[in-house]
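Undergrad: Can you keep this structure in mind? I'll have questions shortly.
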Amino acid sequence: MQTYLLQMKFTEKGLAAIKSWPERIGLFQQKCRDMGAEETAVYLAMGAHDIVAIVEAPDDHVIARLVLSTAMNGYVTTQSTRMFPPAEFESIIAGLP
């Protein structure tokens, strides 16, 4: 599984429905499971993003479908980042000239 950081920002529609967010997070977690991914953490955040999630997925295609289907609802805009754990990072830099 690969690890991704998903950063989300509420849209006007998302802010108007803010009281439903506990339920929406549950739906997001179920969507992750349905797509073969696993949400390992979800946080309300302060700063440039409103919600931050750590998700593990088997590949980029799964995370792309998850991000697109989440954004299609219109409650958030999304930004995703592939993350590399220390062992994988060491392997990457070991191949540097």
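Ligands are numbered from 1 in the order shown, chains are lettered A, B, ... in the order of the structure tokens, and residues start at 1 in each chain.
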Pull the strand (DSSP E) assignments for segment 7-92 of chain A out of DSSP run on the backbone, and list those residues as a list in words.
TA: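 Checking each residue of segment 7-92 of chain A, the strand (DSSP E) ones are Gln7, Met8, Lys9, Phe10, Glu38, Glu39, Thr40, Ala41, Val42, Tyr43, Leu44, Ile51, Val52, Ala53, Ile54, Val55, Glu56, Ala57, Val76, Thr77, Thr78, Gln79, Ser80, Thr81, Arg82 and Met83 of chain A.
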Undergrad: Write out, as an mmCIF file, in the first residue's frame, the residues just selected, with C-alpha atoms.
TA:
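Output file part-v5.cif is given in full below:
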```
data_model
loop_
_atom_site.group_PDB
_atom_site.id
_atom_site.type_symbol
_atom_site.label_atom_id
_atom_site.label_comp_id
_atom_site.auth_asym_id
_atom_site.auth_seq_id
_atom_site.Cartn_x
_atom_site.Cartn_y
_atom_site.Cartn_z
ATOM 1 C CA GLN A 7 -5.775 18.061 2.023
ATOM 2 C CA MET A 8 -9.287 19.398 1.673
ATOM 3 C CA LYS A 9 -10.811 22.848 1.852
ATOM 4 C CA PHE A 10 -14.509 23.462 2.446
ATOM 5 C CA GLU A 38 -7.796 2.636 4.133
ATOM 6 C CA GLU A 39 -8.162 5.980 5.881
ATOM 7 C CA THR A 40 -5.724 5.913 8.789
ATOM 8 C CA ALA A 41 -6.384 9.418 10.137
ATOM 9 C CA VAL A 42 -8.726 12.374 9.551
ATOM 10 C CA TYR A 43 -8.254 15.736 11.236
ATOM 11 C CA LEU A 44 -9.951 19.102 11.275
ATOM 12 C CA ILE A 51 -9.554 18.723 6.641
ATOM 13 C CA VAL A 52 -6.423 16.588 6.401
ATOM 14 C CA ALA A 53 -6.532 12.816 5.909
ATOM 15 C CA ILE A 54 -3.899 10.113 5.681
ATOM 16 C CA VAL A 55 -4.991 7.361 3.310
ATOM 17 C CA GLU A 56 -3.279 4.163 2.239
ATOM 18 C CA ALA A 57 -4.173 2.868 -1.224
ATOM 19 C CA VAL A 76 -14.600 20.236 -0.640
ATOM 20 C CA THR A 77 -11.780 20.965 -3.002
ATOM 21 C CA THR A 78 -8.893 18.529 -2.737
ATOM 22 C CA GLN A 79 -5.156 18.307 -3.051
ATOM 23 C CA SER A 80 -3.325 15.002 -2.777
ATOM 24 C CA THR A 81 0.326 14.226 -2.128
ATOM 25 C CA ARG A 82 2.088 10.878 -2.436
ATOM 26 C CA MET A 83 4.199 10.253 0.657
#
```
Undergrad: Looking only at alpha helix (DSSP H) from DSSP on the backbone, list the matching residues of chain A as a PyMOL selection string.
TA: chain A and resi 12-16+21-34+60-72+86-94
Undergrad: Next, write the just-selected residues to a file, as a compact mmCIF listing (two decimals), in the first residue's frame, keeping C-alpha atoms as the atom set.
TA:
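To be explicit, this is the file written out as part_1.txt:
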```
# COMPACT_ATOMS: atom_id res chain seq x y z
CA GLU A 12 -19.47 27.27 0.31
CA LYS A 13 -21.68 24.18 -0.01
CA GLY A 14 -19.49 22.35 2.51
CA LEU A 15 -19.65 25.21 5.00
CA ALA A 16 -23.43 25.43 4.63
CA TRP A 21 -19.50 16.61 8.76
CA PRO A 22 -19.32 13.78 11.32
CA GLU A 23 -21.62 11.78 9.04
CA ARG A 24 -19.70 12.84 5.91
CA ILE A 25 -16.42 11.65 7.45
CA GLY A 26 -18.03 8.26 8.06
CA LEU A 27 -19.14 8.16 4.41
CA PHE A 28 -15.59 9.06 3.33
CA GLN A 29 -14.17 6.22 5.44
CA GLN A 30 -16.66 3.78 3.88
CA LYS A 31 -15.82 5.06 0.39
CA CYS A 32 -12.14 4.38 1.12
CA ARG A 33 -12.93 0.79 2.15
CA ASP A 34 -15.18 0.26 -0.88
CA ASP A 60 -2.34 6.07 -7.75
CA HIS A 61 -5.44 5.08 -9.75
CA VAL A 62 -7.37 4.18 -6.60
CA ILE A 63 -6.44 7.43 -4.86
CA ALA A 64 -7.28 9.43 -8.01
CA ARG A 65 -10.76 7.86 -8.11
CA LEU A 66 -11.21 8.50 -4.39
CA VAL A 67 -10.16 12.16 -4.66
CA LEU A 68 -12.24 12.81 -7.77
CA SER A 69 -15.36 11.14 -6.37
CA THR A 70 -14.97 13.07 -3.11
CA ALA A 71 -14.57 16.40 -4.92
CA MET A 72 -17.52 15.65 -7.23
CA PRO A 86 11.76 6.48 5.50
CA ALA A 87 12.73 3.05 4.11
CA GLU A 88 11.34 3.90 0.69
CA PHE A 89 13.03 7.33 0.77
CA GLU A 90 16.35 5.65 1.59
CA SER A 91 15.89 3.35 -1.38
CA ILE A 92 15.18 6.34 -3.63
CA ILE A 93 18.26 8.29 -2.57
CA ALA A 94 20.46 5.18 -2.71
```
Undergrad: Record the distance separating atom CA of Ala17 of chain A and atom CA of Gly74 of chain A, expressed in Å with one decimal.
TA: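 Interatomic distance, atom CA of Ala17 of chain A to atom CA of Gly74 of chain A: 10.9 Å.
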Undergrad: Give me, please, the distance in Å between atom CA of Met35 of chain A and atom CA of Tyr75 of chain A, quoted to one decimal.
TA: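 Between atom CA of Met35 of chain A and atom CA of Tyr75 of chain A the gap works out to 19.8 Å.
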